[in-house]
Amino acid sequence: MRRSTKNLIISFLILITIIISSCTTYANTQIIPNQSFVVTIDGKKVNFNDNLGYPLLLSTERTFVPIRIISENLGFGVNWDNEAKKVTINKDDTNIEITINEAKALVNGKEIYIDTK
């Protein structure tokens, strides 16, 4: 695997860790309203919308970002299985599976823990 692909996967998993680790505190925290976000990927602004969602800053200083729009802007394909509550993200020879309320993801079939809480 090329070094740039490994760096992309590592960056992506860090992003996922932030998103999923935030899920456990979401119910017990307040959303800070009227926050203005600018997210850029490779120097390009990510355009959030009502269909794909917007980032949310929580009072715990954690930020939720919609995984689909971030993944697609990184060049990954995204599929959602509503019945299994699982997202599959793939690009080239990389396949990532994340299930809602799970503390781990599958990266090319290998379990990677993404939430340490």
# chains A, B, ... in the order shown; residues from 1 in each chain; ligands from 1

call {"tool": "residues_around", "arguments": {"residues": "Asn90 of chain A", "least_positions_apart": "2", "cutoff": "9 Å", "atoms": "only C-alpha atoms", "output": "list in words"}}
result
Ser71, Gly75, Phe76, Gly77, Val78, Asn79, Thr88, Asp92, Asp93, Thr94, Asn95, Ile96 and Glu97 of chain A

call {"tool": "write_last_selection", "arguments": {"atoms": "N, CA, C and O atoms", "output": "PDB file, in the first residue's frame"}}
result
ATOM      1  N   SER A  71     -16.326  11.647   3.754  1.00  0.00           N
ATOM      2  CA  SER A  71     -15.777  10.495   3.031  1.00  0.00           C
ATOM      3  C   SER A  71     -15.771  10.732   1.524  1.00  0.00           C
ATOM      4  O   SER A  71     -14.774  10.465   0.849  1.00  0.00           O
ATOM      5  N   GLY A  75     -12.756  11.165  -1.560  1.00  0.00           N
ATOM      6  CA  GLY A  75     -12.710  10.258  -2.701  1.00  0.00           C
ATOM      7  C   GLY A  75     -13.182   8.843  -2.411  1.00  0.00           C
ATOM      8  O   GLY A  75     -13.003   7.945  -3.225  1.00  0.00           O
ATOM      9  N   PHE A  76     -13.800   8.608  -1.254  1.00  0.00           N
ATOM     10  CA  PHE A  76     -14.310   7.296  -0.889  1.00  0.00           C
ATOM     11  C   PHE A  76     -15.748   7.140  -1.366  1.00  0.00           C
ATOM     12  O   PHE A  76     -16.498   8.109  -1.434  1.00  0.00           O
ATOM     13  N   GLY A  77     -16.147   5.911  -1.664  1.00  0.00           N
ATOM     14  CA  GLY A  77     -17.540   5.583  -1.920  1.00  0.00           C
ATOM     15  C   GLY A  77     -18.196   5.249  -0.594  1.00  0.00           C
ATOM     16  O   GLY A  77     -17.554   4.695   0.293  1.00  0.00           O
ATOM     17  N   VAL A  78     -19.465   5.571  -0.444  1.00  0.00           N
ATOM     18  CA  VAL A  78     -20.160   5.356   0.830  1.00  0.00           C
ATOM     19  C   VAL A  78     -21.483   4.654   0.570  1.00  0.00           C
ATOM     20  O   VAL A  78     -22.250   5.068  -0.301  1.00  0.00           O
ATOM     21  N   ASN A  79     -21.754   3.600   1.337  1.00  0.00           N
ATOM     22  CA  ASN A  79     -23.032   2.894   1.272  1.00  0.00           C
ATOM     23  C   ASN A  79     -23.572   2.732   2.684  1.00  0.00           C
ATOM     24  O   ASN A  79     -22.821   2.410   3.604  1.00  0.00           O
ATOM     25  N   THR A  88     -20.574   1.440   4.969  1.00  0.00           N
ATOM     26  CA  THR A  88     -19.408   0.847   4.324  1.00  0.00           C
ATOM     27  C   THR A  88     -18.767   1.927   3.475  1.00  0.00           C
ATOM     28  O   THR A  88     -19.428   2.565   2.656  1.00  0.00           O
ATOM     29  N   ASP A  92     -10.409   2.095  -3.739  1.00  0.00           N
ATOM     30  CA  ASP A  92      -9.342   1.220  -4.213  1.00  0.00           C
ATOM     31  C   ASP A  92      -9.374  -0.093  -3.437  1.00  0.00           C
ATOM     32  O   ASP A  92     -10.381  -0.763  -3.426  1.00  0.00           O
ATOM     33  N   ASP A  93      -8.292  -0.436  -2.739  1.00  0.00           N
ATOM     34  CA  ASP A  93      -8.240  -1.702  -2.006  1.00  0.00           C
ATOM     35  C   ASP A  93      -8.522  -1.527  -0.514  1.00  0.00           C
ATOM     36  O   ASP A  93      -8.176  -2.371   0.295  1.00  0.00           O
ATOM     37  N   THR A  94      -9.167  -0.411  -0.150  1.00  0.00           N
ATOM     38  CA  THR A  94      -9.486  -0.139   1.252  1.00  0.00           C
ATOM     39  C   THR A  94     -10.985  -0.238   1.462  1.00  0.00           C
ATOM     40  O   THR A  94     -11.763   0.403   0.750  1.00  0.00           O
ATOM     41  N   ASN A  95     -11.395  -1.025   2.448  1.00  0.00           N
ATOM     42  CA  ASN A  95     -12.799  -1.197   2.787  1.00  0.00           C
ATOM     43  C   ASN A  95     -12.960  -0.981   4.293  1.00  0.00           C
ATOM     44  O   ASN A  95     -12.314  -1.663   5.089  1.00  0.00           O
ATOM     45  N   ILE A  96     -13.811  -0.023   4.673  1.00  0.00           N
ATOM     46  CA  ILE A  96     -14.040   0.307   6.079  1.00  0.00           C
ATOM     47  C   ILE A  96     -15.512   0.097   6.377  1.00  0.00           C
ATOM     48  O   ILE A  96     -16.373   0.586   5.644  1.00  0.00           O
ATOM     49  N   GLU A  97     -15.807  -0.640   7.445  1.00  0.00           N
ATOM     50  CA  GLU A  97     -17.189  -0.868   7.876  1.00  0.00           C
ATOM     51  C   GLU A  97     -17.344  -0.341   9.292  1.00  0.00           C
ATOM     52  O   GLU A  97     -16.579  -0.710  10.179  1.00  0.00           O
TER      53      GLU A  97
END

call {"tool": "closest_residue", "arguments": {"among": "A:Ile89, A:Val38, A:Ala103, A:Leu57", "to": "Ile9 of chain A", "atoms": "only C-alpha atoms"}}
result
A:Ile89

call {"tool": "closest_residue", "arguments": {"among": "A:Leu74, A:Tyr54, A:Lys86, A:Ile112", "to": "Leu8 of chain A", "atoms": "only C-alpha atoms"}}
result
A:Leu74

call {"tool": "closest_residue", "arguments": {"among": "A:Ile41, A:Trp80, A:Lys85, A:Glu111", "to": "Phe12 of chain A", "atoms": "only C-alpha atoms"}}
result
A:Ile41

call {"tool": "atom_distance", "arguments": {"atom1": "atom CA of Lys91 of chain A", "atom2": "atom CA of Glu72 of chain A"}}
result
9.8 Å

call {"tool": "closest_residue", "arguments": {"among": "A:Lys110, A:Ser4, A:Lys104, A:Val46", "to": "Asn73 of chain A", "atoms": "only C-alpha atoms"}}
result
A:Val46

call {"tool": "decode", "arguments": {"residues": "segment 83-114 of chain A", "atoms": "N, CA and C atoms", "output": "PDB file, in the first residue's frame"}}
result
ATOM      1  N   GLU A  83     -30.916  -1.372   7.702  1.00  0.00           N
ATOM      2  CA  GLU A  83     -31.333  -2.498   8.540  1.00  0.00           C
ATOM      3  C   GLU A  83     -30.230  -2.887   9.541  1.00  0.00           C
ATOM      4  N   ALA A  84     -28.997  -2.954   9.078  1.00  0.00           N
ATOM      5  CA  ALA A  84     -27.870  -3.328   9.941  1.00  0.00           C
ATOM      6  C   ALA A  84     -27.286  -2.126  10.673  1.00  0.00           C
ATOM      7  N   LYS A  85     -27.727  -0.908  10.321  1.00  0.00           N
ATOM      8  CA  LYS A  85     -27.189   0.335  10.889  1.00  0.00           C
ATOM      9  C   LYS A  85     -25.672   0.383  10.712  1.00  0.00           C
ATOM     10  N   LYS A  86     -25.258   0.128   9.452  1.00  0.00           N
ATOM     11  CA  LYS A  86     -23.833   0.032   9.145  1.00  0.00           C
ATOM     12  C   LYS A  86     -23.510   0.839   7.902  1.00  0.00           C
ATOM     13  N   VAL A  87     -22.390   1.563   7.961  1.00  0.00           N
ATOM     14  CA  VAL A  87     -21.891   2.292   6.803  1.00  0.00           C
ATOM     15  C   VAL A  87     -20.656   1.559   6.282  1.00  0.00           C
ATOM     16  N   THR A  88     -20.574   1.440   4.969  1.00  0.00           N
ATOM     17  CA  THR A  88     -19.408   0.847   4.324  1.00  0.00           C
ATOM     18  C   THR A  88     -18.767   1.927   3.475  1.00  0.00           C
ATOM     19  N   ILE A  89     -17.491   2.144   3.704  1.00  0.00           N
ATOM     20  CA  ILE A  89     -16.733   3.193   3.027  1.00  0.00           C
ATOM     21  C   ILE A  89     -15.592   2.502   2.295  1.00  0.00           C
ATOM     22  N   ASN A  90     -15.439   2.770   0.985  1.00  0.00           N
ATOM     23  CA  ASN A  90     -14.378   2.078   0.268  1.00  0.00           C
ATOM     24  C   ASN A  90     -13.744   2.956  -0.802  1.00  0.00           C
ATOM     25  N   LYS A  91     -12.484   2.632  -1.054  1.00  0.00           N
ATOM     26  CA  LYS A  91     -11.717   3.292  -2.107  1.00  0.00           C
ATOM     27  C   LYS A  91     -10.559   2.377  -2.456  1.00  0.00           C
ATOM     28  N   ASP A  92     -10.409   2.095  -3.739  1.00  0.00           N
ATOM     29  CA  ASP A  92      -9.342   1.220  -4.213  1.00  0.00           C
ATOM     30  C   ASP A  92      -9.374  -0.093  -3.437  1.00  0.00           C
ATOM     31  N   ASP A  93      -8.292  -0.436  -2.739  1.00  0.00           N
ATOM     32  CA  ASP A  93      -8.240  -1.702  -2.006  1.00  0.00           C
ATOM     33  C   ASP A  93      -8.522  -1.527  -0.514  1.00  0.00           C
ATOM     34  N   THR A  94      -9.167  -0.411  -0.150  1.00  0.00           N
ATOM     35  CA  THR A  94      -9.486  -0.139   1.252  1.00  0.00           C
ATOM     36  C   THR A  94     -10.985  -0.238   1.462  1.00  0.00           C
ATOM     37  N   ASN A  95     -11.395  -1.025   2.448  1.00  0.00           N
ATOM     38  CA  ASN A  95     -12.799  -1.197   2.787  1.00  0.00           C
ATOM     39  C   ASN A  95     -12.960  -0.981   4.293  1.00  0.00           C
ATOM     40  N   ILE A  96     -13.811  -0.023   4.673  1.00  0.00           N
ATOM     41  CA  ILE A  96     -14.040   0.307   6.079  1.00  0.00           C
ATOM     42  C   ILE A  96     -15.512   0.097   6.377  1.00  0.00           C
ATOM     43  N   GLU A  97     -15.807  -0.640   7.445  1.00  0.00           N
ATOM     44  CA  GLU A  97     -17.189  -0.868   7.876  1.00  0.00           C
ATOM     45  C   GLU A  97     -17.344  -0.341   9.292  1.00  0.00           C
ATOM     46  N   ILE A  98     -18.352   0.494   9.495  1.00  0.00           N
ATOM     47  CA  ILE A  98     -18.626   1.058  10.815  1.00  0.00           C
ATOM     48  C   ILE A  98     -20.092   0.811  11.129  1.00  0.00           C
ATOM     49  N   THR A  99     -20.357   0.234  12.283  1.00  0.00           N
ATOM     50  CA  THR A  99     -21.727  -0.026  12.728  1.00  0.00           C
ATOM     51  C   THR A  99     -22.049   0.936  13.860  1.00  0.00           C
ATOM     52  N   ILE A 100     -23.238   1.524  13.804  1.00  0.00           N
ATOM     53  CA  ILE A 100     -23.675   2.457  14.835  1.00  0.00           C
ATOM     54  C   ILE A 100     -23.613   1.783  16.206  1.00  0.00           C
ATOM     55  N   ASN A 101     -23.150   2.521  17.203  1.00  0.00           N
ATOM     56  CA  ASN A 101     -23.020   2.088  18.600  1.00  0.00           C
ATOM     57  C   ASN A 101     -21.987   0.987  18.807  1.00  0.00           C
ATOM     58  N   GLU A 102     -21.079   0.807  17.855  1.00  0.00           N
ATOM     59  CA  GLU A 102     -19.974  -0.134  18.020  1.00  0.00           C
ATOM     60  C   GLU A 102     -18.705   0.659  18.312  1.00  0.00           C
ATOM     61  N   ALA A 103     -17.841   0.121  19.155  1.00  0.00           N
ATOM     62  CA  ALA A 103     -16.591   0.795  19.514  1.00  0.00           C
ATOM     63  C   ALA A 103     -15.453   0.417  18.574  1.00  0.00           C
ATOM     64  N   LYS A 104     -15.774  -0.329  17.531  1.00  0.00           N
ATOM     65  CA  LYS A 104     -14.731  -0.749  16.600  1.00  0.00           C
ATOM     66  C   LYS A 104     -15.234  -0.628  15.171  1.00  0.00           C
ATOM     67  N   ALA A 105     -14.264  -0.576  14.270  1.00  0.00           N
ATOM     68  CA  ALA A 105     -14.561  -0.584  12.838  1.00  0.00           C
ATOM     69  C   ALA A 105     -13.802  -1.757  12.242  1.00  0.00           C
ATOM     70  N   LEU A 106     -14.214  -2.176  11.070  1.00  0.00           N
ATOM     71  CA  LEU A 106     -13.468  -3.187  10.324  1.00  0.00           C
ATOM     72  C   LEU A 106     -12.767  -2.478   9.177  1.00  0.00           C
ATOM     73  N   VAL A 107     -11.453  -2.587   9.136  1.00  0.00           N
ATOM     74  CA  VAL A 107     -10.669  -2.017   8.047  1.00  0.00           C
ATOM     75  C   VAL A 107     -10.021  -3.183   7.324  1.00  0.00           C
ATOM     76  N   ASN A 108     -10.493  -3.424   6.112  1.00  0.00           N
ATOM     77  CA  ASN A 108     -10.045  -4.579   5.334  1.00  0.00           C
ATOM     78  C   ASN A 108     -10.136  -5.871   6.146  1.00  0.00           C
ATOM     79  N   GLY A 109     -11.237  -6.013   6.900  1.00  0.00           N
ATOM     80  CA  GLY A 109     -11.502  -7.216   7.668  1.00  0.00           C
ATOM     81  C   GLY A 109     -10.842  -7.263   9.034  1.00  0.00           C
ATOM     82  N   LYS A 110      -9.993  -6.299   9.362  1.00  0.00           N
ATOM     83  CA  LYS A 110      -9.293  -6.277  10.656  1.00  0.00           C
ATOM     84  C   LYS A 110     -10.011  -5.321  11.602  1.00  0.00           C
ATOM     85  N   GLU A 111     -10.264  -5.783  12.843  1.00  0.00           N
ATOM     86  CA  GLU A 111     -10.940  -4.933  13.831  1.00  0.00           C
ATOM     87  C   GLU A 111      -9.992  -3.833  14.310  1.00  0.00           C
ATOM     88  N   ILE A 112     -10.485  -2.611  14.268  1.00  0.00           N
ATOM     89  CA  ILE A 112      -9.750  -1.445  14.750  1.00  0.00           C
ATOM     90  C   ILE A 112     -10.646  -0.746  15.756  1.00  0.00           C
ATOM     91  N   TYR A 113     -10.167  -0.582  16.987  1.00  0.00           N
ATOM     92  CA  TYR A 113     -10.981   0.096  18.001  1.00  0.00           C
ATOM     93  C   TYR A 113     -10.907   1.593  17.782  1.00  0.00           C
ATOM     94  N   ILE A 114     -12.075   2.227  17.716  1.00  0.00           N
ATOM     95  CA  ILE A 114     -12.135   3.646  17.401  1.00  0.00           C
ATOM     96  C   ILE A 114     -12.716   4.468  18.534  1.00  0.00           C
TER      97      ILE A 114
END
